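Chemist: This is the content of input.cif (mmCIF, N, CA and C atoms):
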data_coords
#
loop_
_atom_site.group_PDB
_atom_site.id
_atom_site.type_symbol
_atom_site.label_atom_id
_atom_site.label_comp_id
_atom_site.auth_asym_id
_atom_site.auth_seq_id
_atom_site.Cartn_x
_atom_site.Cartn_y
_atom_site.Cartn_z
ATOM 1 N N MET A 7 94.318 85.224 79.519
ATOM 2 C CA MET A 7 95.370 84.877 80.439
ATOM 3 C C MET A 7 95.402 83.371 80.536
ATOM 4 N N ARG A 8 96.527 82.800 80.320
ATOM 5 C CA ARG A 8 96.665 81.357 80.436
ATOM 6 C C ARG A 8 97.165 81.015 81.830
ATOM 7 N N CYS A 9 96.561 80.009 82.430
ATOM 8 C CA CYS A 9 96.953 79.595 83.781
ATOM 9 C C CYS A 9 98.188 78.712 83.704
ATOM 10 N N LYS A 10 99.068 78.900 84.662
ATOM 11 C CA LYS A 10 100.259 78.062 84.743
ATOM 12 C C LYS A 10 100.053 77.022 85.832
ATOM 13 N N ARG A 11 100.391 75.794 85.534
ATOM 14 C CA ARG A 11 100.283 74.736 86.533
ATOM 15 C C ARG A 11 101.387 74.888 87.567
ATOM 16 N N GLY A 12 101.042 74.582 88.802
ATOM 17 C CA GLY A 12 102.036 74.619 89.861
ATOM 18 C C GLY A 12 102.211 75.982 90.511
ATOM 19 N N VAL A 13 101.484 76.993 90.057
ATOM 20 C CA VAL A 13 101.556 78.313 90.663
ATOM 21 C C VAL A 13 100.569 78.340 91.822
ATOM 22 N N ALA A 14 101.031 78.772 92.968
ATOM 23 C CA ALA A 14 100.225 78.711 94.192
ATOM 24 C C ALA A 14 99.360 79.952 94.380
ATOM 25 N N LEU A 15 98.453 80.211 93.451
ATOM 26 C CA LEU A 15 97.504 81.310 93.570
ATOM 27 C C LEU A 15 96.092 80.761 93.397
ATOM 28 N N SER A 16 95.172 81.264 94.197
ATOM 29 C CA SER A 16 93.779 80.842 94.062
ATOM 30 C C SER A 16 93.193 81.449 92.791
ATOM 31 N N ALA A 17 92.024 80.948 92.397
ATOM 32 C CA ALA A 17 91.352 81.486 91.214
ATOM 33 C C ALA A 17 90.986 82.954 91.424
ATOM 34 N N HIS A 18 90.746 83.363 92.656
ATOM 35 C CA HIS A 18 90.436 84.767 92.935
ATOM 36 C C HIS A 18 91.703 85.633 92.935
ATOM 37 N N ALA A 19 92.808 85.115 93.449
ATOM 38 C CA ALA A 19 94.051 85.887 93.554
ATOM 39 C C ALA A 19 94.782 86.027 92.219
ATOM 40 N N ALA A 20 94.647 85.061 91.337
ATOM 41 C CA ALA A 20 95.402 85.065 90.076
ATOM 42 C C ALA A 20 95.142 86.299 89.211
ATOM 43 N N PRO A 21 93.869 86.724 88.972
ATOM 44 C CA PRO A 21 93.663 87.916 88.147
ATOM 45 C C PRO A 21 94.208 89.187 88.784
ATOM 46 N N GLY A 22 94.256 89.242 90.106
ATOM 47 C CA GLY A 22 94.749 90.429 90.793
ATOM 48 C C GLY A 22 96.257 90.555 90.774
ATOM 49 N N ALA A 23 96.953 89.452 90.614
ATOM 50 C CA ALA A 23 98.416 89.459 90.693
ATOM 51 C C ALA A 23 99.061 90.452 89.723
ATOM 52 N N PRO A 24 98.631 90.517 88.459
ATOM 53 C CA PRO A 24 99.235 91.512 87.562
ATOM 54 C C PRO A 24 98.468 92.827 87.525
ATOM 55 N N SER A 25 97.507 93.001 88.415
ATOM 56 C CA SER A 25 96.687 94.214 88.342
ATOM 57 C C SER A 25 96.531 94.879 89.707
ATOM 58 N N TRP A 26 95.364 94.826 90.317
ATOM 59 C CA TRP A 26 95.081 95.618 91.514
ATOM 60 C C TRP A 26 95.934 95.258 92.718
ATOM 61 N N THR A 27 96.336 93.993 92.888
ATOM 62 C CA THR A 27 97.170 93.654 94.050
ATOM 63 C C THR A 27 98.648 93.937 93.804
ATOM 64 N N ALA A 28 99.024 94.194 92.564
ATOM 65 C CA ALA A 28 100.427 94.493 92.249
ATOM 66 C C ALA A 28 100.836 95.867 92.768
ATOM 67 N N ARG A 29 99.872 96.730 93.011
ATOM 68 C CA ARG A 29 100.168 98.104 93.441
ATOM 69 C C ARG A 29 101.083 98.131 94.668
ATOM 70 N N ALA A 30 100.799 97.326 95.660
ATOM 71 C CA ALA A 30 101.605 97.306 96.881
ATOM 72 C C ALA A 30 103.023 96.789 96.607
ATOM 73 N N ARG A 31 103.151 95.803 95.734
ATOM 74 C CA ARG A 31 104.472 95.241 95.427
ATOM 75 C C ARG A 31 105.325 96.185 94.587
ATOM 76 N N LEU A 32 104.703 96.926 93.685
ATOM 77 C CA LEU A 32 105.451 97.768 92.765
ATOM 78 C C LEU A 32 105.985 99.030 93.419
ATOM 79 N N GLY A 33 105.277 99.565 94.384
ATOM 80 C CA GLY A 33 105.704 100.801 95.031
ATOM 81 C C GLY A 33 105.673 101.964 94.049
ATOM 82 N N GLY A 34 105.663 103.173 94.553
ATOM 83 C CA GLY A 34 105.674 104.343 93.693
ATOM 84 C C GLY A 34 104.343 104.674 93.053
ATOM 85 N N LEU A 35 103.368 103.803 93.202
ATOM 86 C CA LEU A 35 102.050 104.082 92.658
ATOM 87 C C LEU A 35 101.222 104.778 93.728
ATOM 88 N N VAL A 36 100.928 106.034 93.499
ATOM 89 C CA VAL A 36 100.167 106.815 94.462
ATOM 90 C C VAL A 36 98.973 107.454 93.755
ATOM 91 N N ASP A 37 97.974 107.835 94.539
ATOM 92 C CA ASP A 37 96.812 108.493 93.966
ATOM 93 C C ASP A 37 97.235 109.710 93.160
ATOM 94 N N GLY A 38 96.691 109.848 91.962
ATOM 95 C CA GLY A 38 97.000 110.977 91.099
ATOM 96 C C GLY A 38 98.180 110.754 90.171
ATOM 97 N N ALA A 39 98.949 109.692 90.386
ATOM 98 C CA ALA A 39 100.093 109.403 89.520
ATOM 99 C C ALA A 39 99.591 108.815 88.197
ATOM 100 N N PRO A 40 100.294 109.066 87.079
ATOM 101 C CA PRO A 40 99.871 108.477 85.811
ATOM 102 C C PRO A 40 99.980 106.957 85.865
ATOM 103 N N ALA A 41 99.039 106.307 85.228
ATOM 104 C CA ALA A 41 99.053 104.841 85.208
ATOM 105 C C ALA A 41 98.354 104.355 83.949
ATOM 106 N N ASP A 42 98.671 103.146 83.531
ATOM 107 C CA ASP A 42 98.004 102.515 82.400
ATOM 108 C C ASP A 42 96.765 101.802 82.936
ATOM 109 N N LEU A 43 95.824 101.520 82.053
ATOM 110 C CA LEU A 43 94.554 100.943 82.466
ATOM 111 C C LEU A 43 94.071 99.949 81.441
ATOM 112 N N VAL A 44 93.561 98.826 81.932
ATOM 113 C CA VAL A 44 92.867 97.852 81.094
ATOM 114 C C VAL A 44 91.531 97.585 81.767
ATOM 115 N N ALA A 45 90.430 97.756 81.034
ATOM 116 C CA ALA A 45 89.095 97.530 81.579
ATOM 117 C C ALA A 45 88.449 96.341 80.881
ATOM 118 N N HIS A 46 87.681 95.587 81.654
ATOM 119 C CA HIS A 46 87.009 94.399 81.133
ATOM 120 C C HIS A 46 85.512 94.506 81.357
ATOM 121 N N ALA A 47 84.723 93.808 80.549
ATOM 122 C CA ALA A 47 83.265 93.855 80.622
ATOM 123 C C ALA A 47 82.730 93.175 81.887
ATOM 124 N N THR A 48 83.449 92.201 82.395
ATOM 125 C CA THR A 48 83.038 91.495 83.608
ATOM 126 C C THR A 48 84.214 91.397 84.562
ATOM 127 N N ASP A 49 83.945 90.981 85.759
ATOM 128 C CA ASP A 49 84.959 90.858 86.800
ATOM 129 C C ASP A 49 85.888 89.682 86.497
ATOM 130 N N PRO A 50 87.193 89.919 86.284
ATOM 131 C CA PRO A 50 88.123 88.828 85.985
ATOM 132 C C PRO A 50 88.215 87.789 87.105
ATOM 133 N N ALA A 51 87.883 88.174 88.333
ATOM 134 C CA ALA A 51 87.893 87.202 89.430
ATOM 135 C C ALA A 51 86.775 86.176 89.249
ATOM 136 N N LEU A 52 85.697 86.581 88.594
ATOM 137 C CA LEU A 52 84.575 85.671 88.352
ATOM 138 C C LEU A 52 84.686 84.966 87.007
ATOM 139 N N ASP A 53 85.337 85.608 86.048
ATOM 140 C CA ASP A 53 85.470 85.068 84.692
ATOM 141 C C ASP A 53 86.880 85.352 84.158
ATOM 142 N N PRO A 54 87.869 84.541 84.551
ATOM 143 C CA PRO A 54 89.252 84.795 84.122
ATOM 144 C C PRO A 54 89.432 84.844 82.606
ATOM 145 N N ALA A 55 88.562 84.199 81.843
ATOM 146 C CA ALA A 55 88.686 84.198 80.379
ATOM 147 C C ALA A 55 88.512 85.603 79.810
ATOM 148 N N VAL A 56 87.862 86.510 80.545
ATOM 149 C CA VAL A 56 87.663 87.875 80.062
ATOM 150 C C VAL A 56 89.000 88.613 79.899
ATOM 151 N N LEU A 57 90.039 88.130 80.556
ATOM 152 C CA LEU A 57 91.358 88.753 80.422
ATOM 153 C C LEU A 57 91.904 88.652 79.000
ATOM 154 N N ASN A 58 91.359 87.735 78.215
ATOM 155 C CA ASN A 58 91.754 87.610 76.803
ATOM 156 C C ASN A 58 91.004 88.581 75.908
ATOM 157 N N ARG A 59 89.999 89.294 76.477
ATOM 158 C CA ARG A 59 89.160 90.197 75.680
ATOM 159 C C ARG A 59 89.024 91.553 76.375
ATOM 160 N N PRO A 60 90.082 92.332 76.448
ATOM 161 C CA PRO A 60 89.955 93.637 77.114
ATOM 162 C C PRO A 60 88.973 94.536 76.375
ATOM 163 N N GLY A 61 88.154 95.257 77.160
ATOM 164 C CA GLY A 61 87.181 96.155 76.562
ATOM 165 C C GLY A 61 87.769 97.524 76.257
ATOM 166 N N ARG A 62 88.685 97.980 77.079
ATOM 167 C CA ARG A 62 89.301 99.302 76.897
ATOM 168 C C ARG A 62 90.734 99.223 77.388
ATOM 169 N N ILE A 63 91.658 99.821 76.626
ATOM 170 C CA ILE A 63 93.062 99.893 77.028
ATOM 171 C C ILE A 63 93.484 101.357 76.951
ATOM 172 N N VAL A 64 94.033 101.858 78.049
ATOM 173 C CA VAL A 64 94.552 103.226 78.102
ATOM 174 C C VAL A 64 96.042 103.124 78.408
ATOM 175 N N LEU A 65 96.870 103.690 77.553
ATOM 176 C CA LEU A 65 98.319 103.635 77.699
ATOM 177 C C LEU A 65 98.858 105.057 77.731
ATOM 178 N N ARG A 66 99.524 105.389 78.834
ATOM 179 C CA ARG A 66 100.060 106.745 79.027
ATOM 180 C C ARG A 66 98.982 107.824 78.823
ATOM 181 N N GLY A 67 97.747 107.528 79.280
ATOM 182 C CA GLY A 67 96.673 108.487 79.201
ATOM 183 C C GLY A 67 95.956 108.556 77.867
ATOM 184 N N ARG A 68 96.337 107.725 76.920
ATOM 185 C CA ARG A 68 95.724 107.735 75.591
ATOM 186 C C ARG A 68 94.986 106.422 75.356
ATOM 187 N N VAL A 69 93.731 106.491 74.943
ATOM 188 C CA VAL A 69 92.950 105.296 74.651
ATOM 189 C C VAL A 69 93.514 104.644 73.391
ATOM 190 N N VAL A 70 93.937 103.406 73.494
ATOM 191 C CA VAL A 70 94.498 102.693 72.341
ATOM 192 C C VAL A 70 93.564 101.587 71.857
ATOM 193 N N ARG A 71 92.553 101.280 72.670
ATOM 194 C CA ARG A 71 91.555 100.275 72.247
ATOM 195 C C ARG A 71 90.289 100.443 73.037
#
Represent the structure from my file as structure tokens, please.
Modeler:
Amino acid sequence: MRCKRGVALSAHAAPGAPSWTARARLGGLVDGAPADLVAHATDPALDPAVLNRPGRIVLRGRVVR
């Protein structure tokens, strides 16, 4: 993930913006609903560079990486 200058997000908030904190903004995401998944070896809030190296990608319920 490349950081953009001038964006008003903290280093902790930036990794969540397209992931776990987006749930409230997107709406329609409820427990049990199908969703895509990207998993990382370490916490992106602690190591944002890990976003460039996803460990597992699940798309429409199928592991693609």
Chemist: Tell me, in Å to one decimal, how far CA of Leu52 in chain A is from CA of Ala14 in chain A.
Modeler: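 Computing it gives 18.1 Å between the two atoms.
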Chemist: Step by step, work through what the PyMOL selection byres (((chain A and resi 21 and name CA) around 9) and name CA) selects in the shown file, and finish by giving those residues as a list in words.
Modeler: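 Evaluating the PyMOL selection byres (((chain A and resi 21 and name CA) around 9) and name CA) on this file yields Met7, Ala17, His18, Ala19, Ala20, Gly22, Ala23, Pro24, Ser25, Trp26, Thr27, Pro50, Ala51, Pro54 and Leu57 of chain A.
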Chemist: Report the residues retrieved by the PyMOL selection byres ((chain A and resi 59-66) around 8) from the displayed file, expressed as a PDB file with N, CA and C atoms, in the coordinates of the input.
Modeler:
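Dumped to out31.pdb:
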ATOM      1  N   MET A   7      94.318  85.224  79.519  1.00  0.00           N
ATOM      2  CA  MET A   7      95.370  84.877  80.439  1.00  0.00           C
ATOM      3  C   MET A   7      95.402  83.371  80.536  1.00  0.00           C
ATOM      4  N   PRO A  40     100.294 109.066  87.079  1.00  0.00           N
ATOM      5  CA  PRO A  40      99.871 108.477  85.811  1.00  0.00           C
ATOM      6  C   PRO A  40      99.980 106.957  85.865  1.00  0.00           C
ATOM      7  N   ALA A  41      99.039 106.307  85.228  1.00  0.00           N
ATOM      8  CA  ALA A  41      99.053 104.841  85.208  1.00  0.00           C
ATOM      9  C   ALA A  41      98.354 104.355  83.949  1.00  0.00           C
ATOM     10  N   ASP A  42      98.671 103.146  83.531  1.00  0.00           N
ATOM     11  CA  ASP A  42      98.004 102.515  82.400  1.00  0.00           C
ATOM     12  C   ASP A  42      96.765 101.802  82.936  1.00  0.00           C
ATOM     13  N   LEU A  43      95.824 101.520  82.053  1.00  0.00           N
ATOM     14  CA  LEU A  43      94.554 100.943  82.466  1.00  0.00           C
ATOM     15  C   LEU A  43      94.071  99.949  81.441  1.00  0.00           C
ATOM     16  N   VAL A  44      93.561  98.826  81.932  1.00  0.00           N
ATOM     17  CA  VAL A  44      92.867  97.852  81.094  1.00  0.00           C
ATOM     18  C   VAL A  44      91.531  97.585  81.767  1.00  0.00           C
ATOM     19  N   ALA A  45      90.430  97.756  81.034  1.00  0.00           N
ATOM     20  CA  ALA A  45      89.095  97.530  81.579  1.00  0.00           C
ATOM     21  C   ALA A  45      88.449  96.341  80.881  1.00  0.00           C
ATOM     22  N   HIS A  46      87.681  95.587  81.654  1.00  0.00           N
ATOM     23  CA  HIS A  46      87.009  94.399  81.133  1.00  0.00           C
ATOM     24  C   HIS A  46      85.512  94.506  81.357  1.00  0.00           C
ATOM     25  N   ALA A  47      84.723  93.808  80.549  1.00  0.00           N
ATOM     26  CA  ALA A  47      83.265  93.855  80.622  1.00  0.00           C
ATOM     27  C   ALA A  47      82.730  93.175  81.887  1.00  0.00           C
ATOM     28  N   THR A  48      83.449  92.201  82.395  1.00  0.00           N
ATOM     29  CA  THR A  48      83.038  91.495  83.608  1.00  0.00           C
ATOM     30  C   THR A  48      84.214  91.397  84.562  1.00  0.00           C
ATOM     31  N   PRO A  54      87.869  84.541  84.551  1.00  0.00           N
ATOM     32  CA  PRO A  54      89.252  84.795  84.122  1.00  0.00           C
ATOM     33  C   PRO A  54      89.432  84.844  82.606  1.00  0.00           C
ATOM     34  N   ALA A  55      88.562  84.199  81.843  1.00  0.00           N
ATOM     35  CA  ALA A  55      88.686  84.198  80.379  1.00  0.00           C
ATOM     36  C   ALA A  55      88.512  85.603  79.810  1.00  0.00           C
ATOM     37  N   VAL A  56      87.862  86.510  80.545  1.00  0.00           N
ATOM     38  CA  VAL A  56      87.663  87.875  80.062  1.00  0.00           C
ATOM     39  C   VAL A  56      89.000  88.613  79.899  1.00  0.00           C
ATOM     40  N   LEU A  57      90.039  88.130  80.556  1.00  0.00           N
ATOM     41  CA  LEU A  57      91.358  88.753  80.422  1.00  0.00           C
ATOM     42  C   LEU A  57      91.904  88.652  79.000  1.00  0.00           C
ATOM     43  N   ASN A  58      91.359  87.735  78.215  1.00  0.00           N
ATOM     44  CA  ASN A  58      91.754  87.610  76.803  1.00  0.00           C
ATOM     45  C   ASN A  58      91.004  88.581  75.908  1.00  0.00           C
ATOM     46  N   GLY A  67      97.747 107.528  79.280  1.00  0.00           N
ATOM     47  CA  GLY A  67      96.673 108.487  79.201  1.00  0.00           C
ATOM     48  C   GLY A  67      95.956 108.556  77.867  1.00  0.00           C
ATOM     49  N   ARG A  68      96.337 107.725  76.920  1.00  0.00           N
ATOM     50  CA  ARG A  68      95.724 107.735  75.591  1.00  0.00           C
ATOM     51  C   ARG A  68      94.986 106.422  75.356  1.00  0.00           C
ATOM     52  N   VAL A  69      93.731 106.491  74.943  1.00  0.00           N
ATOM     53  CA  VAL A  69      92.950 105.296  74.651  1.00  0.00           C
ATOM     54  C   VAL A  69      93.514 104.644  73.391  1.00  0.00           C
ATOM     55  N   VAL A  70      93.937 103.406  73.494  1.00  0.00           N
ATOM     56  CA  VAL A  70      94.498 102.693  72.341  1.00  0.00           C
ATOM     57  C   VAL A  70      93.564 101.587  71.857  1.00  0.00           C
ATOM     58  N   ARG A  71      92.553 101.280  72.670  1.00  0.00           N
ATOM     59  CA  ARG A  71      91.555 100.275  72.247  1.00  0.00           C
ATOM     60  C   ARG A  71      90.289 100.443  73.037  1.00  0.00           C
TER      61      ARG A  71
END
Chemist: Record the distance separating CA of Asp49 in chain A and atom N of Ala30 in chain A, expressed in Å with one decimal.
Modeler: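 Atom-to-atom, CA of Asp49 in chain A and atom N of Ala30 in chain A are spaced 19.3 Å apart.
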Chemist: Using the file's own x, y and z axes, so that the box edges lie along x, y and z, what centre and edge lengths in Å (one decimal) does a box around every listed atom of range 49-53 of chain A get when 6 Å is added on each side? Give it as AutoDock Vina command-line options.
Modeler:
--center_x 86.1 --center_y 88.0 --center_z 86.8 --size_x 16.3 --size_y 18.0 --size_z 17.3
Chemist: So the first atom is atom C of Leu15 in chain A and the second is atom C of Asp37 in chain A; what is the distance between them in Å, to one decimal place?
Modeler: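 Calculated distance between atom C of Leu15 in chain A and atom C of Asp37 in chain A is 29.0 Å.
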